[in-house]
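**Student:** My structure is stored as data.cif, with mmCIF, C-alpha atoms.
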```cif
data_structure
loop_
_atom_site.label_atom_id
_atom_site.label_comp_id
_atom_site.auth_asym_id
_atom_site.auth_seq_id
_atom_site.Cartn_x
_atom_site.Cartn_y
_atom_site.Cartn_z
CA MET A 612 6.13 15.80 22.61
CA SER A 613 3.82 13.45 20.81
CA LEU A 614 3.05 12.03 17.44
CA HIS A 615 1.16 13.13 14.38
CA ALA A 616 0.91 10.25 11.93
CA THR A 617 0.44 11.65 8.46
CA PRO A 618 0.79 10.42 4.89
CA ALA A 619 2.91 7.35 4.50
CA THR A 620 4.42 8.59 1.27
CA ARG A 621 6.16 11.71 0.06
CA PRO A 622 4.71 12.60 -3.35
CA THR A 623 6.87 12.76 -6.40
CA ARG A 624 6.38 15.10 -9.34
CA GLY A 625 2.79 14.85 -10.53
CA GLY A 626 1.47 14.12 -7.03
CA ARG A 627 1.71 10.33 -7.13
CA PRO A 628 3.56 8.23 -4.59
CA PRO A 629 6.62 6.45 -5.97
CA GLY A 630 6.66 2.86 -7.17
CA SER A 631 3.60 2.73 -9.48
CA PRO A 632 1.08 2.24 -6.65
CA TRP A 633 -1.87 2.53 -9.02
CA ARG A 634 -0.67 -0.57 -10.84
CA MET A 635 -0.72 -2.31 -7.47
CA VAL A 636 -4.24 -1.03 -6.82
CA ALA A 637 -5.42 -2.48 -10.15
CA ALA A 638 -3.79 -5.81 -9.34
CA LEU A 639 -5.33 -5.94 -5.86
CA ALA A 640 -8.76 -5.16 -7.30
CA VAL A 641 -8.42 -8.27 -9.47
CA THR A 642 -7.03 -10.50 -6.72
CA GLN A 643 -9.76 -9.48 -4.28
CA THR A 644 -12.44 -10.28 -6.84
CA VAL A 645 -10.98 -13.71 -7.56
CA GLY A 646 -10.16 -14.35 -3.90
CA TYR A 647 -13.64 -13.62 -2.59
CA GLY A 648 -15.21 -15.47 -5.51
CA VAL A 649 -13.25 -18.68 -4.97
CA LEU A 650 -12.60 -18.69 -1.22
CA TYR A 651 -16.01 -17.44 -0.05
CA TYR A 652 -18.86 -17.25 -2.57
CA ALA A 653 -18.26 -20.61 -4.27
CA PHE A 654 -19.14 -22.40 -1.03
CA ALA A 655 -22.82 -21.40 -1.16
CA VAL A 656 -23.20 -22.80 -4.67
CA LEU A 657 -21.47 -26.08 -3.80
CA LEU A 658 -23.21 -26.57 -0.43
CA GLN A 659 -25.94 -29.00 -1.50
CA PRO A 660 -23.83 -31.28 -3.73
CA MET A 661 -21.12 -31.43 -1.06
CA ALA A 662 -23.69 -32.41 1.55
CA GLN A 663 -24.97 -35.20 -0.68
CA ALA A 664 -21.49 -36.47 -1.50
CA LEU A 665 -20.41 -36.46 2.15
CA ASP A 666 -23.73 -37.94 3.33
CA ALA A 667 -24.19 -35.02 5.70
CA SER A 668 -26.87 -32.43 6.37
CA PRO A 669 -26.54 -28.96 4.84
CA ALA A 670 -26.38 -27.56 8.38
CA ALA A 671 -23.40 -29.76 9.23
CA VAL A 672 -21.62 -28.65 6.07
CA THR A 673 -22.42 -25.00 6.80
CA VAL A 674 -20.57 -25.31 10.11
CA ALA A 675 -17.40 -25.67 8.04
CA MET A 676 -17.82 -22.16 6.65
CA THR A 677 -18.55 -20.79 10.12
CA ALA A 678 -15.32 -22.40 11.36
CA SER A 679 -13.50 -20.94 8.38
CA VAL A 680 -14.70 -17.41 9.15
CA LEU A 681 -13.76 -17.76 12.83
CA ALA A 682 -10.29 -19.01 11.88
CA GLY A 683 -9.84 -15.86 9.81
CA ALA A 684 -10.90 -13.77 12.78
CA ALA A 685 -8.32 -15.46 15.00
CA MET A 686 -5.58 -14.54 12.52
CA ALA A 687 -6.55 -10.88 12.12
CA VAL A 688 -4.29 -9.41 14.81
CA PRO A 689 -1.15 -11.50 14.05
CA VAL A 690 -1.54 -10.68 10.36
CA GLY A 691 -1.97 -7.00 11.14
CA ARG A 692 1.20 -6.95 13.21
CA TRP A 693 3.12 -8.65 10.41
CA LEU A 694 1.85 -6.09 7.89
CA ASP A 695 2.93 -3.20 10.11
CA ARG A 696 6.46 -4.61 10.37
CA HIS A 697 7.08 -6.18 6.95
CA GLY A 698 4.46 -5.09 4.43
CA GLY A 699 2.23 -7.38 2.40
CA ARG A 700 4.20 -8.88 -0.48
CA ALA A 701 5.54 -12.06 1.09
CA LEU A 702 2.48 -12.63 3.26
CA MET A 703 -0.04 -12.24 0.45
CA THR A 704 2.00 -14.32 -2.00
CA LEU A 705 2.43 -17.15 0.50
CA GLY A 706 -1.25 -16.92 1.44
CA SER A 707 -2.27 -17.16 -2.21
CA ILE A 708 -0.14 -20.25 -2.73
CA ALA A 709 -1.53 -21.90 0.40
CA ALA A 710 -5.13 -20.98 -0.48
CA THR A 711 -4.73 -22.45 -3.96
CA ALA A 712 -3.41 -25.72 -2.55
CA LEU A 713 -6.22 -25.86 0.02
CA VAL A 714 -8.94 -25.31 -2.59
CA ALA A 715 -7.45 -28.21 -4.54
CA ALA A 716 -7.47 -30.29 -1.35
CA TRP A 717 -11.08 -29.22 -0.77
CA SER A 718 -12.04 -30.99 -3.98
CA GLN A 719 -10.77 -34.29 -2.57
CA VAL A 720 -12.40 -34.35 0.89
CA ARG A 721 -14.29 -37.52 1.78
CA THR A 722 -15.47 -36.82 5.32
CA LEU A 723 -16.85 -33.90 7.33
CA THR A 724 -13.70 -33.87 9.44
CA GLN A 725 -11.57 -33.39 6.35
CA LEU A 726 -13.90 -30.65 5.13
CA TYR A 727 -13.66 -28.82 8.45
CA ALA A 728 -9.86 -29.06 8.45
CA VAL A 729 -9.55 -27.74 4.90
CA LEU A 730 -12.02 -24.89 5.41
CA ILE A 731 -10.31 -23.82 8.64
CA GLY A 732 -7.06 -23.69 6.67
CA ILE A 733 -8.75 -21.61 3.98
CA GLY A 734 -10.04 -19.29 6.71
CA VAL A 735 -6.46 -18.72 7.88
CA THR A 736 -5.38 -17.86 4.34
CA THR A 737 -8.27 -15.43 3.83
CA ALA A 738 -6.84 -13.33 6.65
CA MET A 739 -3.61 -13.22 4.62
CA VAL A 740 -4.99 -12.33 1.21
CA LEU A 741 -8.41 -10.62 1.32
CA TYR A 742 -9.59 -7.12 2.26
CA GLU A 743 -7.74 -6.53 5.53
CA PRO A 744 -4.21 -7.06 4.18
CA ALA A 745 -5.01 -5.58 0.76
CA LEU A 746 -6.44 -2.37 2.20
CA THR A 747 -3.66 -2.15 4.78
CA VAL A 748 -1.14 -2.17 1.94
CA VAL A 749 -3.06 0.56 0.13
CA VAL A 750 -3.45 2.70 3.25
CA SER A 751 0.29 2.47 3.85
CA TRP A 752 1.10 3.66 0.34
CA PHE A 753 -1.26 6.59 -0.19
CA PRO A 754 -1.66 9.98 1.48
CA PRO A 755 -5.16 10.81 2.75
CA GLN A 756 -6.04 12.90 -0.31
CA ARG A 757 -5.70 9.85 -2.57
CA ARG A 758 -6.33 7.05 -0.09
CA ALA A 759 -10.12 7.05 -0.45
CA LYS A 760 -9.88 6.85 -4.25
CA ALA A 761 -7.49 3.89 -4.07
CA VAL A 762 -9.66 2.03 -1.56
CA LEU A 763 -12.76 2.75 -3.62
CA ALA A 764 -11.17 1.31 -6.75
CA ILE A 765 -10.52 -1.99 -5.00
CA VAL A 766 -13.83 -2.41 -3.18
CA VAL A 767 -15.95 -1.40 -6.17
CA VAL A 768 -14.34 -3.99 -8.44
CA ALA A 769 -14.37 -6.66 -5.73
CA GLY A 770 -18.04 -5.92 -5.14
CA PHE A 771 -18.76 -7.89 -8.32
CA ALA A 772 -17.15 -11.07 -6.95
CA SER A 773 -20.48 -12.72 -6.13
CA THR A 774 -22.02 -11.54 -9.41
CA ILE A 775 -19.18 -13.17 -11.37
CA PHE A 776 -18.26 -16.23 -9.38
CA MET A 777 -21.58 -17.59 -8.17
CA PRO A 778 -22.88 -18.07 -11.74
CA LEU A 779 -19.43 -19.27 -12.86
CA THR A 780 -19.31 -21.83 -10.07
CA GLY A 781 -22.82 -22.97 -10.97
CA LEU A 782 -21.80 -23.41 -14.60
CA LEU A 783 -18.74 -25.44 -13.63
CA LEU A 784 -20.86 -27.49 -11.26
CA ASP A 785 -23.42 -28.34 -13.95
CA ASN A 786 -20.77 -29.33 -16.47
CA TYR A 787 -18.07 -31.01 -14.39
CA GLY A 788 -19.38 -31.78 -10.90
CA TRP A 789 -18.35 -30.09 -7.67
CA ARG A 790 -14.95 -31.76 -7.30
CA SER A 791 -13.76 -30.81 -10.78
CA ALA A 792 -15.30 -27.37 -10.37
CA LEU A 793 -13.11 -26.78 -7.31
CA LEU A 794 -10.00 -27.96 -9.14
CA ILE A 795 -10.70 -25.50 -11.96
CA LEU A 796 -11.33 -22.70 -9.46
CA ALA A 797 -8.08 -23.58 -7.66
CA LEU A 798 -6.18 -23.35 -10.93
CA LEU A 799 -7.79 -20.00 -11.72
CA HIS A 800 -7.06 -18.68 -8.23
CA GLY A 801 -3.41 -19.66 -8.35
CA ALA A 802 -2.83 -18.41 -11.89
CA VAL A 803 -4.24 -14.98 -11.08
CA THR A 804 -3.45 -14.17 -7.45
CA VAL A 805 0.03 -15.65 -6.93
CA PRO A 806 1.84 -13.72 -9.69
CA LEU A 807 -0.08 -10.51 -9.09
CA HIS A 808 0.72 -10.48 -5.38
CA ALA A 809 4.34 -11.45 -5.99
CA LEU A 810 5.00 -8.95 -8.76
CA THR A 811 2.96 -5.87 -7.83
CA VAL A 812 2.76 -5.64 -4.02
CA ARG A 813 5.68 -3.61 -2.74
CA THR A 814 6.91 -2.43 0.63
CA PRO A 815 5.55 1.04 1.48
CA PRO A 816 8.15 3.81 1.54
CA ARG A 817 7.78 4.24 5.32
CA LEU A 818 8.95 0.61 5.80
CA ALA A 819 11.69 0.95 3.24
CA ALA A 820 13.13 3.97 5.04
CA GLN A 821 16.27 3.49 7.03
CA ARG A 822 14.68 4.51 10.32
CA ARG A 823 11.58 2.41 10.75
CA PRO A 824 9.04 2.73 13.53
CA SER A 825 10.18 0.62 16.44
CA LYS A 826 8.08 -2.04 18.09
CA GLN A 827 7.69 0.24 21.10
CA GLN A 828 6.49 3.13 18.94
CA ARG A 829 3.90 0.98 17.19
CA ALA A 830 2.77 -0.38 20.56
CA ALA A 831 2.37 3.16 21.87
CA VAL A 832 0.11 4.07 18.95
CA VAL A 833 -1.98 0.95 19.52
CA ARG A 834 -2.33 1.75 23.23
CA ALA A 835 -3.41 5.28 22.40
CA ALA A 836 -6.04 3.98 19.99
CA LEU A 837 -7.37 1.44 22.49
CA GLY A 838 -7.60 4.19 25.09
CA ASP A 839 -9.67 6.34 22.74
CA ARG A 840 -13.44 6.19 23.31
CA ARG A 841 -14.03 6.90 19.63
CA PHE A 842 -12.30 3.62 18.75
CA TRP A 843 -14.76 1.64 20.85
CA TRP A 844 -17.75 3.47 19.42
CA LEU A 845 -16.48 2.62 15.97
CA ALA A 846 -16.19 -0.99 17.12
CA VAL A 847 -19.85 -0.89 18.23
CA ALA A 848 -20.87 0.54 14.86
CA PHE A 849 -18.92 -1.92 12.74
CA VAL A 850 -19.76 -5.01 14.82
CA ALA A 851 -23.47 -4.15 14.87
CA HIS A 852 -23.51 -3.47 11.16
CA GLY A 853 -21.61 -6.67 10.37
CA ALA A 854 -24.10 -8.69 12.39
CA ALA A 855 -27.03 -7.09 10.57
CA MET A 856 -25.50 -7.68 7.13
CA ALA A 857 -24.74 -11.33 7.82
CA THR A 858 -28.23 -11.94 9.19
CA MET A 859 -29.88 -10.33 6.17
CA THR A 860 -27.68 -12.29 3.75
CA LEU A 861 -28.65 -15.62 5.30
CA HIS A 862 -32.35 -15.05 6.01
CA LEU A 863 -33.57 -12.78 3.22
CA VAL A 864 -34.36 -15.61 0.80
CA GLY A 865 -36.27 -17.45 3.52
CA LEU A 866 -38.38 -14.36 4.24
CA LEU A 867 -39.27 -13.88 0.59
CA VAL A 868 -40.20 -17.54 0.15
CA HIS A 869 -42.24 -17.36 3.36
CA LYS A 870 -44.13 -14.44 1.79
CA GLY A 871 -45.13 -16.65 -1.14
CA HIS A 872 -42.54 -15.78 -3.77
CA PRO A 873 -40.95 -18.56 -5.87
CA ILE A 874 -37.38 -19.45 -5.00
CA THR A 875 -36.09 -18.09 -8.32
CA PHE A 876 -37.55 -14.66 -7.59
CA ALA A 877 -36.28 -14.74 -4.01
CA ALA A 878 -32.75 -15.67 -5.08
CA THR A 879 -32.72 -13.03 -7.84
CA VAL A 880 -33.85 -10.26 -5.49
CA ALA A 881 -31.36 -11.36 -2.84
CA GLY A 882 -28.66 -11.32 -5.49
CA LEU A 883 -29.26 -7.59 -5.89
CA LEU A 884 -27.40 -7.05 -2.63
CA GLY A 885 -24.02 -7.68 -4.26
CA VAL A 886 -24.66 -5.31 -7.16
CA LEU A 887 -26.19 -2.68 -4.88
CA SER A 888 -23.12 -2.75 -2.68
CA VAL A 889 -21.22 -1.21 -5.58
CA THR A 890 -23.92 1.43 -6.08
CA GLY A 891 -23.89 2.26 -2.38
CA ARG A 892 -20.12 2.66 -2.34
CA LEU A 893 -20.19 5.04 -5.28
CA LEU A 894 -23.06 7.02 -3.76
CA LEU A 895 -21.24 7.26 -0.44
CA THR A 896 -18.11 8.54 -2.17
CA ALA A 897 -20.11 11.24 -3.95
CA LEU A 898 -21.97 12.36 -0.84
CA GLN A 899 -18.92 12.59 1.38
CA GLN A 900 -17.64 15.41 -0.81
CA ARG A 901 -20.42 17.55 0.69
CA LEU A 902 -21.07 16.01 4.10
CA ARG A 903 -18.91 14.65 6.89
CA LEU A 904 -18.18 10.95 6.36
CA PRO A 905 -19.63 9.79 9.73
CA VAL A 906 -22.88 11.64 8.96
CA VAL A 907 -23.24 10.06 5.53
CA VAL A 908 -22.56 6.58 6.90
CA ALA A 909 -25.01 7.06 9.77
CA VAL A 910 -27.73 8.15 7.34
CA VAL A 911 -27.11 5.03 5.25
CA PHE A 912 -27.40 2.86 8.37
CA VAL A 913 -30.70 4.55 9.31
CA ILE A 914 -32.08 3.89 5.82
CA GLN A 915 -31.10 0.25 6.23
CA ALA A 916 -32.87 0.13 9.58
CA GLY A 917 -36.09 1.38 8.04
CA ALA A 918 -35.80 -1.08 5.16
CA ALA A 919 -35.22 -4.03 7.50
CA ILE A 920 -38.21 -3.18 9.69
CA ALA A 921 -40.42 -2.62 6.63
CA LEU A 922 -39.41 -5.79 4.79
CA PRO A 923 -41.79 -8.24 6.54
CA ILE A 924 -44.62 -5.76 5.90
CA VAL A 925 -44.03 -4.99 2.22
CA ALA A 926 -42.29 -8.18 1.05
CA GLY A 927 -45.57 -9.82 -0.01
CA SER A 928 -45.53 -7.58 -3.07
CA PRO A 929 -42.76 -8.10 -5.67
CA VAL A 930 -42.37 -4.33 -6.01
CA GLY A 931 -42.36 -3.80 -2.25
CA ALA A 932 -39.77 -6.55 -1.77
CA ALA A 933 -37.54 -5.13 -4.48
CA VAL A 934 -37.75 -1.56 -3.14
CA ALA A 935 -36.94 -2.61 0.43
CA VAL A 936 -34.03 -4.78 -0.69
CA VAL A 937 -32.68 -1.93 -2.82
CA ALA A 938 -32.84 0.43 0.17
CA PHE A 939 -31.10 -2.06 2.41
CA GLY A 940 -28.55 -3.00 -0.23
CA LEU A 941 -27.21 0.54 -0.49
CA GLY A 942 -25.38 -0.05 2.79
CA PHE A 943 -23.92 -3.40 1.79
CA GLY A 944 -20.14 -3.15 1.63
CA VAL A 945 -20.03 0.36 3.07
CA VAL A 946 -17.85 -0.64 6.03
CA SER A 947 -15.07 -1.97 3.80
CA LEU A 948 -14.92 1.45 2.16
CA VAL A 949 -15.12 3.71 5.23
CA LYS A 950 -13.11 1.78 7.81
CA PRO A 951 -9.66 2.44 6.26
CA PRO A 952 -9.97 6.25 6.07
CA LEU A 953 -11.68 6.52 9.46
CA LEU A 954 -8.90 4.58 11.18
CA ALA A 955 -5.95 5.93 9.21
CA ASP A 956 -7.02 9.57 9.47
CA ARG A 957 -7.43 9.29 13.25
CA TYR A 958 -4.56 6.99 14.22
CA GLY A 959 -2.11 7.26 11.34
CA THR A 960 -0.53 4.43 9.38
CA ILE A 961 2.44 3.11 11.36
CA ALA A 962 0.23 0.68 13.34
CA TYR A 963 -2.75 0.56 11.00
CA GLY A 964 -2.50 -3.19 10.40
CA THR A 965 -2.56 -4.01 14.11
CA ILE A 966 -5.38 -1.58 14.90
CA GLY A 967 -7.40 -2.80 11.92
CA GLY A 968 -6.81 -6.41 12.95
CA ILE A 969 -8.00 -5.74 16.49
CA LEU A 970 -11.18 -4.22 15.10
CA ALA A 971 -11.64 -6.93 12.47
CA THR A 972 -11.70 -9.73 15.03
CA PRO A 973 -15.05 -8.94 16.73
CA ILE A 974 -16.55 -7.86 13.38
CA THR A 975 -15.75 -11.23 11.84
CA VAL A 976 -17.00 -13.12 14.89
CA ALA A 977 -20.26 -11.17 14.71
CA LYS A 978 -20.66 -12.02 11.03
CA ALA A 979 -20.09 -15.70 11.78
CA THR A 980 -22.38 -16.01 14.80
CA ALA A 981 -25.19 -13.47 14.30
CA PRO A 982 -27.05 -15.57 11.70
CA LEU A 983 -27.15 -18.48 14.16
CA GLY A 984 -28.66 -16.26 16.86
CA ALA A 985 -31.13 -14.87 14.32
CA ALA A 986 -32.14 -18.41 13.38
CA GLY A 987 -32.98 -19.11 17.03
CA LEU A 988 -34.98 -15.88 17.30
CA LEU A 989 -36.74 -16.71 14.05
CA ALA A 990 -37.86 -20.07 15.40
CA VAL A 991 -39.31 -18.43 18.50
CA ALA A 992 -40.68 -15.09 17.28
CA GLY A 993 -40.97 -15.30 13.49
CA TYR A 994 -39.77 -13.02 10.69
CA PRO A 995 -41.33 -9.66 11.76
CA ALA A 996 -39.67 -9.66 15.19
CA THR A 997 -36.37 -10.90 13.76
CA PHE A 998 -36.21 -8.15 11.17
CA VAL A 999 -37.19 -5.52 13.74
CA VAL A 1000 -34.12 -6.62 15.69
CA VAL A 1001 -32.02 -6.30 12.52
CA GLY A 1002 -33.35 -2.75 12.13
CA ALA A 1003 -32.59 -1.92 15.75
CA VAL A 1004 -29.04 -3.20 15.32
CA CYS A 1005 -28.62 -0.92 12.28
CA LEU A 1006 -29.78 2.03 14.41
CA LEU A 1007 -27.20 1.05 17.03
CA ALA A 1008 -24.58 1.09 14.27
CA ALA A 1009 -25.68 4.60 13.26
CA ALA A 1010 -25.38 5.81 16.86
CA GLY A 1011 -21.92 4.29 17.17
CA MET A 1012 -20.82 5.97 13.96
CA LEU A 1013 -21.80 9.42 15.25
CA ALA A 1014 -20.66 9.02 18.86
CA ARG A 1015 -17.61 11.24 19.58
CA ALA A 1016 -17.14 11.60 15.82
CA TRP A 1017 -15.70 15.11 16.19
CA SER A 1018 -13.61 14.55 19.29
CA PRO A 1019 -9.89 15.27 18.83
CA PRO A 1020 -7.56 12.34 18.11
CA PRO A 1021 -5.74 10.93 21.15
CA THR A 1022 -2.37 12.26 22.19
CA LEU A 1023 0.70 10.10 22.49
CA ASP A 1024 3.18 10.68 25.28
CA GLY A 1025 6.80 9.80 24.88
CA PRO A 1026 9.50 10.33 22.22
CA PRO A 1027 8.32 11.64 18.88
CA LEU A 1028 8.32 9.65 15.69
CA ARG A 1029 10.76 11.61 13.60
CA ASP A 1030 10.61 12.18 9.87
CA GLY A 1031 13.30 9.60 9.19
CA VAL A 1032 11.05 6.82 10.41
CA GLY A 1033 8.73 7.06 7.46
CA ALA A 1034 8.84 9.34 4.45
CA GLY A 1035 6.34 12.12 4.87
CA GLU A 1036 5.58 11.40 8.56
CA ARG A 1037 6.26 14.10 11.08
CA SER A 1038 6.08 14.67 14.81
CA THR A 1039 3.47 17.02 16.27
CA GLY A 1040 1.01 16.91 19.11
CA ARG A 1041 -1.52 14.29 17.97
CA ILE A 1042 -2.07 10.95 16.30
CA GLY A 1043 -4.13 11.54 13.19
CA GLY A 1044 -5.85 14.83 12.54
CA GLN A 1045 -4.77 17.28 9.86
CA THR A 1046 -2.31 15.87 7.36
CA VAL A 1047 0.39 17.62 5.38
CA GLU A 1048 1.97 16.41 2.18
CA GLY A 1049 5.56 17.04 1.27
CA THR A 1050 8.62 17.68 3.35
CA PRO A 1051 7.92 18.42 7.01
CA ASN A 1052 8.58 21.99 8.03
CA SER A 1053 11.24 22.94 10.50
CA SER A 1054 8.85 23.15 13.42
CA SER A 1055 8.04 19.46 13.17
CA SER A 1056 11.45 18.15 14.07
#
```
In structure tokens, what does this structure look like?

**Tutor:**
Amino acid sequence: MSLHATPATRPTRGGRPPGSPWRMVAALAVTQTVGYGVLYYAFAVLLQPMAQALDASPAAVTVAMTASVLAGAAMAVPVGRWLDRHGGRALMTLGSIAATALVAAWSQVRTLTQLYAVLIGIGVTTAMVLYEPALTVVVSWFPPQRRAKAVLAIVVVAGFASTIFMPLTGLLLDNYGWRSALLILALLHGAVTVPLHALTVRTPPRLAAQRRPSKQQRAAVVRAALGDRRFWWLAVAFVAHGAAMATMTLHLVGLLVHKGHPITFAATVAGLLGVLSVTGRLLLTALQQRLRLPVVVAVVFVIQAGAAIALPIVAGSPVGAAVAVVAFGLGFGVVSLVKPPLLADRYGTIAYGTIGGILATPITVAKATAPLGAAGLLAVAGYPATFVVVGAVCLLAAAGMLARAWSPPPTLDGPPLRDGVGAGERSTGRIGGQTVEGTPNSSSS
């Protein structure tokens, strides 16, 4: 007999999981917005003044952020395992406290070595408090019918993090200097994220149940996922897409300036990517009501490929540049929306954190290193060839999204995961697949 991982919660009257999970969703939407704004987007605004204060080149300072991202990647799997075993409350609260202290320490750095140390520490905390743990908590709480709505609520709100915090950081920088700006941001981060994580994040019902999934059962699910060819095609899709997004983010302004646009226009158009990520997420949610999710995502990736290839050709015109950026921006942030349902629907929720962490590691590494490789290609071949490669990578992502998309979920040999392990979970012949709400029927025991 094998395992069918289904909803992590047994609905109460009215169809909602117990424990006010929507209040938790609202809180996580706020903490993700503040977290990304302070721990990630503020760096770009403070880059130049930090370089001047530390008597270092902007490139040397930028390495600190690369190291920070890689540190987060290294923590993805351990954090995922913790979430599968214990839930997110303690981890996210502790991570918020540590991140707040590290942002305050960031304001006092005097050397590059100190900056690298602090940013690596911040990278570790981002793995504890940003999308991966937040969405793992949400996936664990909600059944598939409501999971997509809960994830959408968080990623749509958090999509405005750059729109809010980059101008805010610039305002603080102009009025108080970069060190005081960081202290104010640290205070804001701590005041918002620590209490919200401590007071609203709760253990999912499946972990609160008396009979929890054992370490061996979780390991069996992970092995089944890693033995599934669909998992590796999804890895290809998400890694390729992450590399393309990071490359576009870093080099778009340079392309537009190279085409003769003033820096203010280039920065404004590039800033559309953050706003458009919200539009793309909403559009994707609407379209998936009529089309299969992998098909919709693949179409979005193909549109991005065409936009990337066309950009060096049409970017000389303000209208052409804006249209191409809009087309490309529709796919920004799509992965954060589709990855949770794709993984949870296929492999269930009892090992979601570990499986998501395994997948997040190469994605994060790609985001950290792809822009550096693109910079080398840019120096050798110029913008047209570089953006053709970005387009080709988007096409690879589309192919990975469709590959084996309709293959059955993997089977799991060994003892079944009985209903007592997690409320609403039942034992059948597959991991993932069709889900059933409510009390398992007699044939599932």

**Student:** Find the residue from A:Trp752, A:Val991, A:Val833, A:Leu796 that sits nearest to A:Thr965; use all atoms listed in the file when measuring.

**Tutor:**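 Between A:Trp752, A:Val991, A:Val833, A:Leu796, the residue approaching A:Thr965 most closely is A:Val833.
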
**Student:** Out of A:Leu887, A:Ala684, A:Ala918, A:Val740, which residue has the shortest atom-to-atom distance to A:Thr774 when counting all atoms listed in the file?

**Tutor:**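 Using all atoms listed in the file, A:Thr774 sits closest to A:Leu887.
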
**Student:** Box for stretch 952-971 of chain A: with edges along x, y and z, all listed atoms inside and 3 Å added on each side, what are the centre and edge lengths in Å to one decimal, as AutoDock Vina command-line options?

**Tutor:**
```
--center_x -4.6 --center_y 1.3 --center_z 11.3 --size_x 20.1 --size_y 22.5 --size_z 16.4
```

**Student:** Within 10 Å of A:Trp844, counting all atoms listed in the file, which residues show up once you throw out same-chain ones fewer than 4 positions away? Write them as a VMD selection string, please.

**Tutor:** chain A and resid 839 to 840 848 to 850 1008 1010 to 1016

**Student:** Just how far from atom CA of A:Ile731 is atom CA of A:Ala979, in Å to one decimal?

**Tutor:** 13.1 Å

**Student:** When distances are computed from only C-alpha atoms, which of A:Gln663, A:Thr736, A:Thr814, A:Gln915 shows the smallest separation from A:Val748?

**Tutor:** A:Thr814

**Student:** A:Ala933, A:Pro755, A:Tyr647, A:Val762: which is nearest A:Phe876, counting all atoms listed in the file?

**Tutor:**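 Of all the options, A:Ala933 lies closest to A:Phe876.
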
**Student:** For stretch 722-766 of chain A versus stretch 639-642 of chain A, which residues have an atom no more than 7 Å away, and what is each residue's nearest atom pair and distance in Å rounded to one decimal, using all atoms listed in the file, chain-then-number order, as a tab-separated table?

**Tutor:**
```
residue	atom	partner	partner_atom	distance
A:Ala745	CA	A:Leu639	CA	6.6
A:Ala764	CA	A:Ala640	CA	6.9
A:Ile765	CA	A:Ala640	CA	4.3
```

**Student:** Running the PyMOL selection byres ((chain A and resi 710) around 8) on this model by hand, what would come out? Give it as a list in words.

**Tutor:**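 In the shown coordinates, the PyMOL selection byres ((chain A and resi 710) around 8) covers Leu650, Gly706, Ser707, Ile708, Ala709, Thr711, Ala712, Leu713, Val714, Gly732, Ile733, Thr736 and Thr737 of chain A.
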
**Student:** Could you pull the residues within 8 Å of A:Met635, counting only C-alpha atoms, minus those fewer than 4 positions along the same chain, as JSON, numbers by chain?

**Tutor:** {"A": [631, 639, 811, 812]}

**Student:** Would you mind exporting the chosen residues as a PDB file, in the coordinates of the input, restricted to C-alpha atoms?

**Tutor:**
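Writing the result to selection-v4.pdb gives the following:
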```pdb
ATOM      1  CA  SER A 631       3.600   2.730  -9.480  1.00  0.00           C
ATOM      2  CA  LEU A 639      -5.330  -5.940  -5.860  1.00  0.00           C
ATOM      3  CA  THR A 811       2.960  -5.870  -7.830  1.00  0.00           C
ATOM      4  CA  VAL A 812       2.760  -5.640  -4.020  1.00  0.00           C
TER       5      VAL A 812
END
```

**Student:** In terms of the shortest atom-to-atom distance over only C-alpha atoms, which of A:Leu657, A:Ala638, A:Ala738, A:Leu861 is closest to A:Ala985?

**Tutor:**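 Distance minimum relative to A:Ala985 lands on A:Leu861.
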
**Student:** Give the answer as one residue: which of A:Ala637, A:Ala926, A:Val749, A:Val735 has the shortest atom-to-atom distance to A:Ala685, using all atoms listed in the file?

**Tutor:** A:Val735

**Student:** For this structure, which residues satisfy the selection - the PyMOL selection byres ((chain A and resi 672) around 9) - when it is evaluated on the file as given? I want them as a PyMOL selection string.

**Tutor:** chain A and resi 658-659+661-662+665+667-671+673-676+723+726-727

**Student:** Can you spell out as a ChimeraX atom specification the set of residues that the PyMOL selection byres ((chain A and resi 747) around 9) selects in the structure I just provided?

**Tutor:** /A:691,694-695,698-699,742-746,748-752,951,960,963-964,967

**Student:** Contacts of A:His808 at 7 Å or less, counting only C-alpha atoms, minus same-chain residues fewer than 6 places along, as a list in words?

**Tutor:**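 Here the qualifying residues turn out to be Arg700, Met703 and Thr704 of chain A.
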
**Student:** For A:Thr858, find every residue with an atom within 8 Å (counting only C-alpha atoms), except residues of its own chain fewer than 2 positions away, and show them as a VMD selection string.

**Tutor:** chain A and resid 854 to 856 860 to 862 978 981 to 982 985 1001

**Student:** Which distance in Å separates atom CA of A:Trp693 and atom CA of A:Val847, to one decimal?

**Tutor:**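 Calculated distance between atom CA of A:Trp693 and atom CA of A:Val847 is 25.5 Å.
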